[in-house]
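Novice: The following file, upload_37.txt, comprises compact mmCIF, C-alpha atoms:
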# COMPACT_ATOMS: atom_id res chain seq x y z
CA MET Q 1 -12.72 -1.05 -16.08
CA LYS Q 2 -10.27 -0.14 -13.29
CA VAL Q 3 -11.74 1.93 -10.45
CA LYS Q 4 -9.22 3.48 -8.06
CA TYR Q 5 -10.29 5.19 -4.85
CA LEU Q 6 -7.72 7.96 -4.54
CA GLY Q 7 -9.45 9.57 -1.54
CA THR Q 8 -12.14 8.17 0.76
CA GLY Q 9 -12.75 10.94 3.30
CA ALA Q 10 -15.58 13.42 3.75
CA ALA Q 11 -15.22 17.20 3.48
CA GLU Q 12 -12.95 17.69 6.49
CA GLY Q 13 -10.65 14.75 5.74
CA VAL Q 14 -9.49 12.17 8.28
CA PRO Q 15 -7.92 13.33 10.52
CA ALA Q 16 -10.02 16.46 10.14
CA MET Q 17 -8.03 19.47 9.03
CA PHE Q 18 -8.58 21.72 12.05
CA CYS Q 19 -9.74 19.12 14.57
CA LYS Q 20 -7.99 18.04 17.78
CA CYS Q 21 -10.61 15.58 19.03
CA PRO Q 22 -9.38 12.23 20.44
CA VAL Q 23 -10.25 10.44 17.18
CA CYS Q 24 -8.23 12.79 15.00
CA GLU Q 25 -5.30 12.98 17.40
CA ASN Q 26 -5.15 9.18 17.55
CA ILE Q 27 -5.20 8.88 13.76
CA ARG Q 28 -2.39 11.43 13.49
CA LYS Q 29 -0.32 9.24 15.82
CA LEU Q 30 -1.11 6.08 13.88
CA GLY Q 31 0.08 7.69 10.66
CA GLU Q 32 -0.53 7.68 6.94
CA SER Q 33 -2.09 4.25 6.62
CA GLU Q 34 -5.13 5.57 8.51
CA TYR Q 35 -5.43 8.91 6.70
CA ARG Q 36 -8.39 9.59 4.41
CA THR Q 37 -8.06 12.42 1.93
CA ARG Q 38 -10.98 14.11 0.21
CA SER Q 39 -12.94 11.94 -2.19
CA GLN Q 40 -11.81 11.25 -5.74
CA VAL Q 41 -12.35 8.18 -7.93
CA LEU Q 42 -10.19 7.60 -11.01
CA ILE Q 43 -11.49 5.28 -13.74
CA ASP Q 44 -9.01 3.71 -16.17
CA GLY Q 45 -6.52 6.45 -15.39
CA CYS Q 46 -8.35 9.03 -17.51
CA LEU Q 47 -11.82 9.74 -16.08
CA SER Q 48 -12.03 11.37 -12.67
CA VAL Q 49 -15.22 11.57 -10.65
CA ASP Q 50 -14.74 14.83 -8.77
CA PHE Q 51 -11.54 16.85 -8.37
CA PRO Q 52 -10.70 17.67 -4.73
CA PRO Q 53 -7.95 19.91 -3.31
CA GLU Q 54 -5.80 16.77 -2.97
CA ALA Q 55 -5.91 15.89 -6.67
CA TYR Q 56 -2.28 16.96 -7.16
CA ALA Q 57 -1.15 15.08 -4.04
CA HIS Q 58 -3.05 12.02 -5.27
CA SER Q 59 -1.17 12.14 -8.56
CA LEU Q 60 2.17 12.19 -6.75
CA LYS Q 61 1.29 9.37 -4.37
CA TYR Q 62 -0.23 7.05 -6.96
CA GLY Q 63 2.11 7.71 -9.85
CA PHE Q 64 0.18 9.58 -12.52
CA SER Q 65 -0.01 13.13 -13.90
CA CYS Q 66 -3.14 15.22 -13.67
CA GLY Q 67 -2.42 15.73 -17.36
CA ASP Q 68 -3.50 12.10 -17.85
CA ILE Q 69 -7.03 13.04 -16.78
CA LYS Q 70 -9.11 13.74 -19.88
CA TYR Q 71 -12.57 13.89 -18.33
CA ILE Q 72 -13.99 15.06 -15.00
CA LEU Q 73 -17.51 14.30 -13.84
CA ALA Q 74 -18.30 16.69 -10.99
CA THR Q 75 -21.05 15.68 -8.57
CA HIS Q 76 -21.61 19.12 -7.03
CA SER Q 77 -19.93 22.42 -6.30
CA HIS Q 78 -18.69 21.90 -2.73
CA MET Q 79 -15.00 22.60 -2.43
CA ASP Q 80 -14.05 19.08 -1.32
CA HIS Q 81 -15.46 17.68 -4.59
CA PHE Q 82 -14.60 20.45 -7.04
CA TYR Q 83 -11.50 22.56 -6.39
CA ALA Q 84 -11.43 24.78 -9.44
CA HIS Q 85 -8.43 26.97 -8.66
CA ASP Q 86 -5.97 24.38 -9.97
CA PHE Q 87 -7.32 24.57 -13.51
CA ILE Q 88 -5.51 27.86 -14.14
CA LEU Q 89 -2.32 25.76 -14.29
CA ARG Q 90 -3.27 23.67 -17.34
CA GLY Q 91 -1.09 25.47 -19.86
CA TYR Q 92 1.03 28.63 -20.26
CA ARG Q 93 4.41 28.05 -18.57
CA TYR Q 94 2.84 25.76 -15.97
CA ALA Q 95 2.17 22.71 -18.17
CA SER Q 96 2.83 21.32 -21.64
CA HIS Q 97 2.79 18.11 -23.66
CA PHE Q 98 -0.67 17.03 -22.53
CA GLU Q 99 -2.67 15.80 -25.50
CA ASP Q 100 -6.32 16.69 -25.03
CA VAL Q 101 -8.63 19.48 -24.00
CA LEU Q 102 -9.84 18.67 -20.49
CA GLN Q 103 -13.59 18.04 -20.57
CA ILE Q 104 -15.44 18.92 -17.36
CA TYR Q 105 -19.09 17.93 -16.89
CA GLY Q 106 -21.20 19.46 -14.15
CA ASN Q 107 -24.29 21.45 -13.24
CA SER Q 108 -24.82 25.20 -13.55
CA GLU Q 109 -23.58 25.89 -10.00
CA ILE Q 110 -20.33 24.05 -10.69
CA LYS Q 111 -19.92 26.14 -13.82
CA ALA Q 112 -20.43 29.30 -11.72
CA VAL Q 113 -17.78 28.12 -9.24
CA PHE Q 114 -15.39 27.33 -12.08
CA ASN Q 115 -15.83 30.82 -13.53
CA GLU Q 116 -15.50 32.48 -10.14
CA CYS Q 117 -12.40 30.59 -9.02
CA THR Q 118 -10.50 31.01 -12.28
CA ALA Q 119 -11.52 34.60 -13.07
CA ARG Q 120 -8.50 36.33 -11.55
CA GLU Q 121 -5.68 34.13 -12.80
CA MET Q 122 -6.83 32.30 -15.93
CA LYS Q 123 -4.38 33.07 -18.75
CA PRO Q 124 -5.83 33.54 -22.24
CA SER Q 125 -3.54 30.76 -23.43
CA VAL Q 126 -4.83 28.33 -20.77
CA ALA Q 127 -8.59 28.85 -21.19
CA PRO Q 128 -8.85 26.91 -24.50
CA ASN Q 129 -7.33 23.84 -22.82
CA ILE Q 130 -10.44 23.34 -20.69
CA CYS Q 131 -14.01 22.86 -21.87
CA PHE Q 132 -16.93 23.01 -19.43
CA ASN Q 133 -20.03 21.02 -20.38
CA GLU Q 134 -23.17 21.89 -18.43
CA ILE Q 135 -25.38 18.88 -17.68
CA GLN Q 136 -28.59 18.12 -15.79
CA SER Q 137 -30.09 15.16 -13.96
CA TYR Q 138 -31.80 12.46 -16.02
CA SER Q 139 -29.44 13.05 -18.90
CA LYS Q 140 -27.44 10.54 -20.94
CA PHE Q 141 -24.29 11.47 -22.82
CA ASN Q 142 -20.98 10.10 -24.10
CA VAL Q 143 -17.64 10.92 -22.52
CA GLY Q 144 -14.85 9.60 -24.70
CA GLY Q 145 -15.54 5.87 -24.89
CA TYR Q 146 -17.89 5.91 -21.90
CA THR Q 147 -21.65 6.23 -21.66
CA VAL Q 148 -22.72 8.33 -18.67
CA MET Q 149 -26.14 8.74 -17.07
CA ALA Q 150 -26.78 11.42 -14.47
CA LEU Q 151 -29.33 11.15 -11.67
CA PRO Q 152 -30.27 13.66 -8.96
CA ALA Q 153 -28.62 13.34 -5.54
CA ASN Q 154 -30.43 14.22 -2.32
CA HIS Q 155 -27.91 16.80 -1.16
CA GLY Q 156 -29.69 20.06 -0.45
CA THR Q 157 -31.77 22.48 -2.48
CA THR Q 158 -29.20 25.01 -3.70
CA GLU Q 159 -28.11 23.03 -6.75
CA ASP Q 160 -28.81 19.96 -8.86
CA ALA Q 161 -26.24 17.66 -7.23
CA LEU Q 162 -25.66 14.52 -9.26
CA LEU Q 163 -25.07 10.78 -9.06
CA PHE Q 164 -23.39 9.06 -12.02
CA TYR Q 165 -23.61 5.73 -13.81
CA ILE Q 166 -20.59 5.10 -16.06
CA SER Q 167 -20.24 2.27 -18.57
CA ASP Q 168 -17.44 1.32 -20.94
CA GLY Q 169 -19.76 -1.03 -22.83
CA GLN Q 170 -18.60 -4.06 -20.85
CA SER Q 171 -18.90 -3.01 -17.21
CA GLY Q 172 -20.97 -0.48 -15.29
CA TYR Q 173 -20.07 1.67 -12.27
CA LEU Q 174 -22.61 3.58 -10.13
CA HIS Q 175 -21.35 6.53 -8.05
CA VAL Q 176 -23.70 7.36 -5.14
CA TYR Q 177 -21.81 10.03 -3.17
CA ASP Q 178 -22.88 13.05 -1.14
CA THR Q 179 -26.51 12.16 -0.86
CA GLY Q 180 -29.06 11.21 1.71
CA LEU Q 181 -31.30 8.34 0.73
CA PRO Q 182 -31.75 9.06 -3.00
CA ASP Q 183 -35.33 9.77 -4.00
CA CYS Q 184 -34.42 9.62 -7.68
CA ASP Q 185 -36.05 7.24 -10.12
CA PHE Q 186 -33.56 4.40 -10.54
CA ASN Q 187 -35.90 3.06 -13.21
CA TYR Q 188 -34.16 5.60 -15.46
CA LEU Q 189 -31.10 3.34 -15.33
CA LYS Q 190 -33.16 0.25 -16.03
CA ASP Q 191 -35.01 1.88 -18.91
CA ASN Q 192 -31.69 2.89 -20.46
CA GLY Q 193 -30.12 -0.55 -20.24
CA ALA Q 194 -27.77 -0.05 -17.28
CA LYS Q 195 -26.02 -3.09 -15.85
CA ILE Q 196 -24.11 -2.42 -12.65
CA ASN Q 197 -20.96 -4.28 -11.59
CA LEU Q 198 -19.79 -1.89 -8.87
CA VAL Q 199 -21.62 0.59 -6.64
CA SER Q 200 -19.91 3.17 -4.41
CA LEU Q 201 -22.16 4.25 -1.56
CA ASP Q 202 -21.92 7.37 0.57
CA CYS Q 203 -21.24 6.10 4.10
CA THR Q 204 -20.32 9.33 5.82
CA TYR Q 205 -21.63 8.10 9.17
CA ALA Q 206 -20.49 4.45 8.82
CA ASP Q 207 -22.52 2.39 11.31
CA ARG Q 208 -23.60 5.31 13.50
CA THR Q 209 -27.34 5.67 14.01
CA GLY Q 210 -29.64 8.09 15.81
CA ILE Q 211 -28.42 11.20 13.99
CA THR Q 212 -30.14 13.35 11.40
CA ARG Q 213 -28.99 12.26 7.95
CA LYS Q 214 -30.56 14.53 5.38
CA ARG Q 215 -27.60 14.96 3.05
CA HIS Q 216 -25.50 11.85 3.74
CA MET Q 217 -25.98 8.19 4.59
CA ASN Q 218 -24.86 5.51 7.00
CA VAL Q 219 -24.41 1.85 6.12
CA GLU Q 220 -28.05 0.93 6.79
CA ASP Q 221 -29.19 3.67 4.40
CA GLY Q 222 -26.77 2.24 1.87
CA MET Q 223 -28.31 -1.19 2.28
CA GLN Q 224 -31.70 0.28 1.37
CA VAL Q 225 -30.16 1.58 -1.85
CA LYS Q 226 -28.57 -1.82 -2.44
CA GLN Q 227 -31.87 -3.65 -2.09
CA LYS Q 228 -33.63 -1.18 -4.37
CA LEU Q 229 -31.02 -1.67 -7.11
CA ILE Q 230 -31.07 -5.45 -6.76
CA GLY Q 231 -34.87 -5.43 -6.83
CA LEU Q 232 -34.83 -3.60 -10.16
CA GLY Q 233 -32.69 -6.35 -11.66
CA ILE Q 234 -29.94 -3.98 -12.85
CA CYS Q 235 -27.08 -5.39 -10.77
CA ALA Q 236 -24.81 -8.07 -12.18
CA ASP Q 237 -24.68 -11.36 -10.26
CA GLU Q 238 -21.29 -10.54 -8.74
CA CYS Q 239 -21.96 -6.84 -8.22
CA LYS Q 240 -19.66 -5.27 -5.62
CA PHE Q 241 -20.95 -2.72 -3.09
CA VAL Q 242 -18.37 -0.34 -1.63
CA ILE Q 243 -18.86 2.02 1.33
CA THR Q 244 -16.77 5.18 1.35
CA HIS Q 245 -16.71 8.97 2.01
CA PHE Q 246 -16.13 8.54 5.76
CA SER Q 247 -16.25 11.41 8.26
CA HIS Q 248 -13.94 11.65 11.25
CA ASN Q 249 -17.12 11.69 13.37
CA CYS Q 250 -17.52 7.93 12.84
CA ASN Q 251 -13.91 7.14 13.88
CA PRO Q 252 -13.12 5.37 10.58
CA LEU Q 253 -10.00 3.47 11.59
CA ARG Q 254 -9.58 0.77 8.96
CA SER Q 255 -10.31 -1.88 11.57
CA ARG Q 256 -13.77 -0.42 12.23
CA PRO Q 257 -15.09 -0.41 8.63
CA ALA Q 258 -13.64 -3.92 8.38
CA GLU Q 259 -16.20 -4.99 11.00
CA VAL Q 260 -18.96 -3.34 8.96
CA GLU Q 261 -17.72 -5.21 5.87
CA LYS Q 262 -18.40 -8.56 7.49
CA GLU Q 263 -21.79 -7.66 8.93
CA TYR Q 264 -23.23 -6.07 5.78
CA ASN Q 265 -21.33 -7.91 3.02
CA VAL Q 266 -19.78 -4.76 1.58
CA ILE Q 267 -16.26 -3.57 0.80
CA ALA Q 268 -14.93 -0.71 2.92
CA ALA Q 269 -12.80 1.57 0.74
CA TYR Q 270 -9.47 3.02 1.81
CA ASP Q 271 -7.19 5.53 0.09
CA GLY Q 272 -5.46 3.83 -2.82
CA MET Q 273 -7.81 0.84 -3.11
CA GLU Q 274 -8.31 -0.37 -6.69
CA LEU Q 275 -10.99 -2.71 -8.00
CA GLU Q 276 -11.32 -4.10 -11.51
CA ILE Q 277 -14.71 -4.95 -12.99
For the file at hand, write its structure as structure tokens.

Specialist:
Amino acid sequence: MKVKYLGTGAAEGVPAMFCKCPVCENIRKLGESEYRTRSQVLIDGCLSVDFPPEAYAHSLKYGFSCGDIKYILATHSHMDHFYAHDFILRGYRYASHFEDVLQIYGNSEIKAVFNECTAREMKPSVAPNICFNEIQSYSKFNVGGYTVMALPANHGTTEDALLFYISDGQSGYLHVYDTGLPDCDFNYLKDNGAKINLVSLDCTYADRTGITRKRHMNVEDGMQVKQKLIGLGICADECKFVITHFSHNCNPLRSRPAEVEKEYNVIAAYDGMELEI
């Protein structure tokens, strides 16, 4: 299983879209190698976890077509993780020669956002090219050749935000984004035979402490999740733990997460990083 981190930034991106703070101005001067676009993970070139506004730009930079994406697992409805407007372009005169109906999986609020954002411009000839599948937490389902389990994220009360475990039958990937310390029952994974080779952990605040963290985590929160997973015996011996989804508020120059890597024995993601498990 190849896991590519197309974007590793939080909602505002790094540098933040409208921000002129010293951190963002410095990153603009340093240039593209320090930029962090909104979060998207691409598995084996065909399964995308989330679909941000930069999805098209990601495809250009990393050499694929969005038409290669057959499946999208959407964690929640926030714009930086699910930018639905682009789906009106999957057909008509905008696109052809893609092979499959795009399968989107998400909660009821994501479905509402999809309907709302595509209502004005969705062509009758485009609509059949996209299928929305409504899912809930503590569900298990098949996506192409992958087995997926959904767990509840701790990311507010307005919707059933989700975490995902994805397995191709050989390797397992756990996606823990946009959540405070998860209060979900990870035993669900154990009871359903999950074996994890790679975990991506929300690290919006990096190594910052002393701030309220109800909907996101810092690295120490992530280490609590790590210990819980290891304690359940569902992590492979060489399981990799990745920190990602960085906010500009933690000044995530690549040299800074590199320091966190050494101290906590994790991998700090950057845009374009690819791992194989």

Novice: For segment 115-132 of chain Q, please output as a PyMOL selection string all residues within 9 Å (counting only C-alpha atoms; exclusion window: fewer than 4 positions along the same chain).

Specialist: chain Q and resi 83-92+100-106+110-111

Novice: What's the 10 Å shell around Cys46 of chain Q, counting only C-alpha atoms, without same-chain residues fewer than 4 positions away, as a list in words?

Specialist: Leu42, Phe64, Ser65, Cys66, Gly67, Asp68, Ile69, Lys70, Tyr71, Ile72 and Gly144 of chain Q

Novice: Selection from above, C-alpha atoms, as a short mmCIF file (atom, residue, chain, number, x, y, z; two decimals), in the frame of the given file, can you write it?

Specialist:
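Okay, this is what ended up in again.cif:
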data_model
loop_
_atom_site.label_atom_id
_atom_site.label_comp_id
_atom_site.auth_asym_id
_atom_site.auth_seq_id
_atom_site.Cartn_x
_atom_site.Cartn_y
_atom_site.Cartn_z
CA LEU Q 42 -10.19 7.60 -11.01
CA PHE Q 64 0.18 9.58 -12.52
CA SER Q 65 -0.01 13.13 -13.90
CA CYS Q 66 -3.14 15.22 -13.67
CA GLY Q 67 -2.42 15.73 -17.36
CA ASP Q 68 -3.50 12.10 -17.85
CA ILE Q 69 -7.03 13.04 -16.78
CA LYS Q 70 -9.11 13.74 -19.88
CA TYR Q 71 -12.57 13.89 -18.33
CA ILE Q 72 -13.99 15.06 -15.00
CA GLY Q 144 -14.85 9.60 -24.70
#

Novice: With distances taken over only C-alpha atoms, which of Q:Asp221, Q:Asp44, Q:Asp237, Q:Asp80 is nearest to Tyr146 of chain Q?

Specialist: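 Looking at the shortest contact to Tyr146 of chain Q, the residue is Q:Asp44.
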
Novice: Which residues of segment 134-180 of chain Q have any atom within 10 Å of an atom in segment 189-211 of chain Q when counting only C-alpha atoms, and what is the closest pair of atoms for each, with the distance in Å to one decimal? Order the rows by chain and rising number and write it as CSV.

Specialist:
residue,atom,partner,partner_atom,distance
Q:Tyr138,CA,Q:Leu189,CA,9.2
Q:Lys140,CA,Q:Asn192,CA,8.8
Q:Thr147,CA,Q:Ala194,CA,9.8
Q:Val148,CA,Q:Ala194,CA,9.9
Q:Met149,CA,Q:Leu189,CA,7.5
Q:Ala150,CA,Q:Leu189,CA,9.2
Q:Leu151,CA,Q:Leu189,CA,8.8
Q:Tyr165,CA,Q:Ala194,CA,7.9
Q:Ile166,CA,Q:Ala194,CA,8.9
Q:Ser167,CA,Q:Ala194,CA,8.0
Q:Gly169,CA,Q:Lys195,CA,9.6
Q:Gln170,CA,Q:Lys195,CA,9.0
Q:Ser171,CA,Q:Asn197,CA,6.1
Q:Gly172,CA,Q:Ile196,CA,4.5
Q:Tyr173,CA,Q:Leu198,CA,4.9
Q:Leu174,CA,Q:Val199,CA,4.7
Q:His175,CA,Q:Ser200,CA,5.2
Q:Val176,CA,Q:Leu201,CA,5.0
Q:Tyr177,CA,Q:Asp202,CA,4.6
Q:Asp178,CA,Q:Asp202,CA,6.0
Q:Thr179,CA,Q:Asp202,CA,6.8
Q:Gly180,CA,Q:Asp202,CA,8.2

Novice: Distance atom CA of Tyr35 of chain Q-atom CA of Glu12 of chain Q, one decimal place?

Specialist: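 Between atom CA of Tyr35 of chain Q and atom CA of Glu12 of chain Q the gap works out to 11.6 Å.
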
Novice: What is the distance between atom CA of Lys240 of chain Q and atom CA of Gly7 of chain Q, in Å to one decimal?

Specialist: 18.5 Å

Novice: Have a look at Q:Ser33, Q:Ser96, Q:Asn187, Q:Asn133 and name the one nearest to Leu229 of chain Q; count all atoms listed in the file.

Specialist: Q:Asn187

Novice: So that I can see what lies close to Asn107 of chain Q, please list as a PyMOL selection string the residues with an atom at most 10 Å from it, counting all atoms listed in the file and leaving out residues fewer than 3 positions away in the same chain.

Specialist: chain Q and resi 73-77+110-112+132-137+159-162
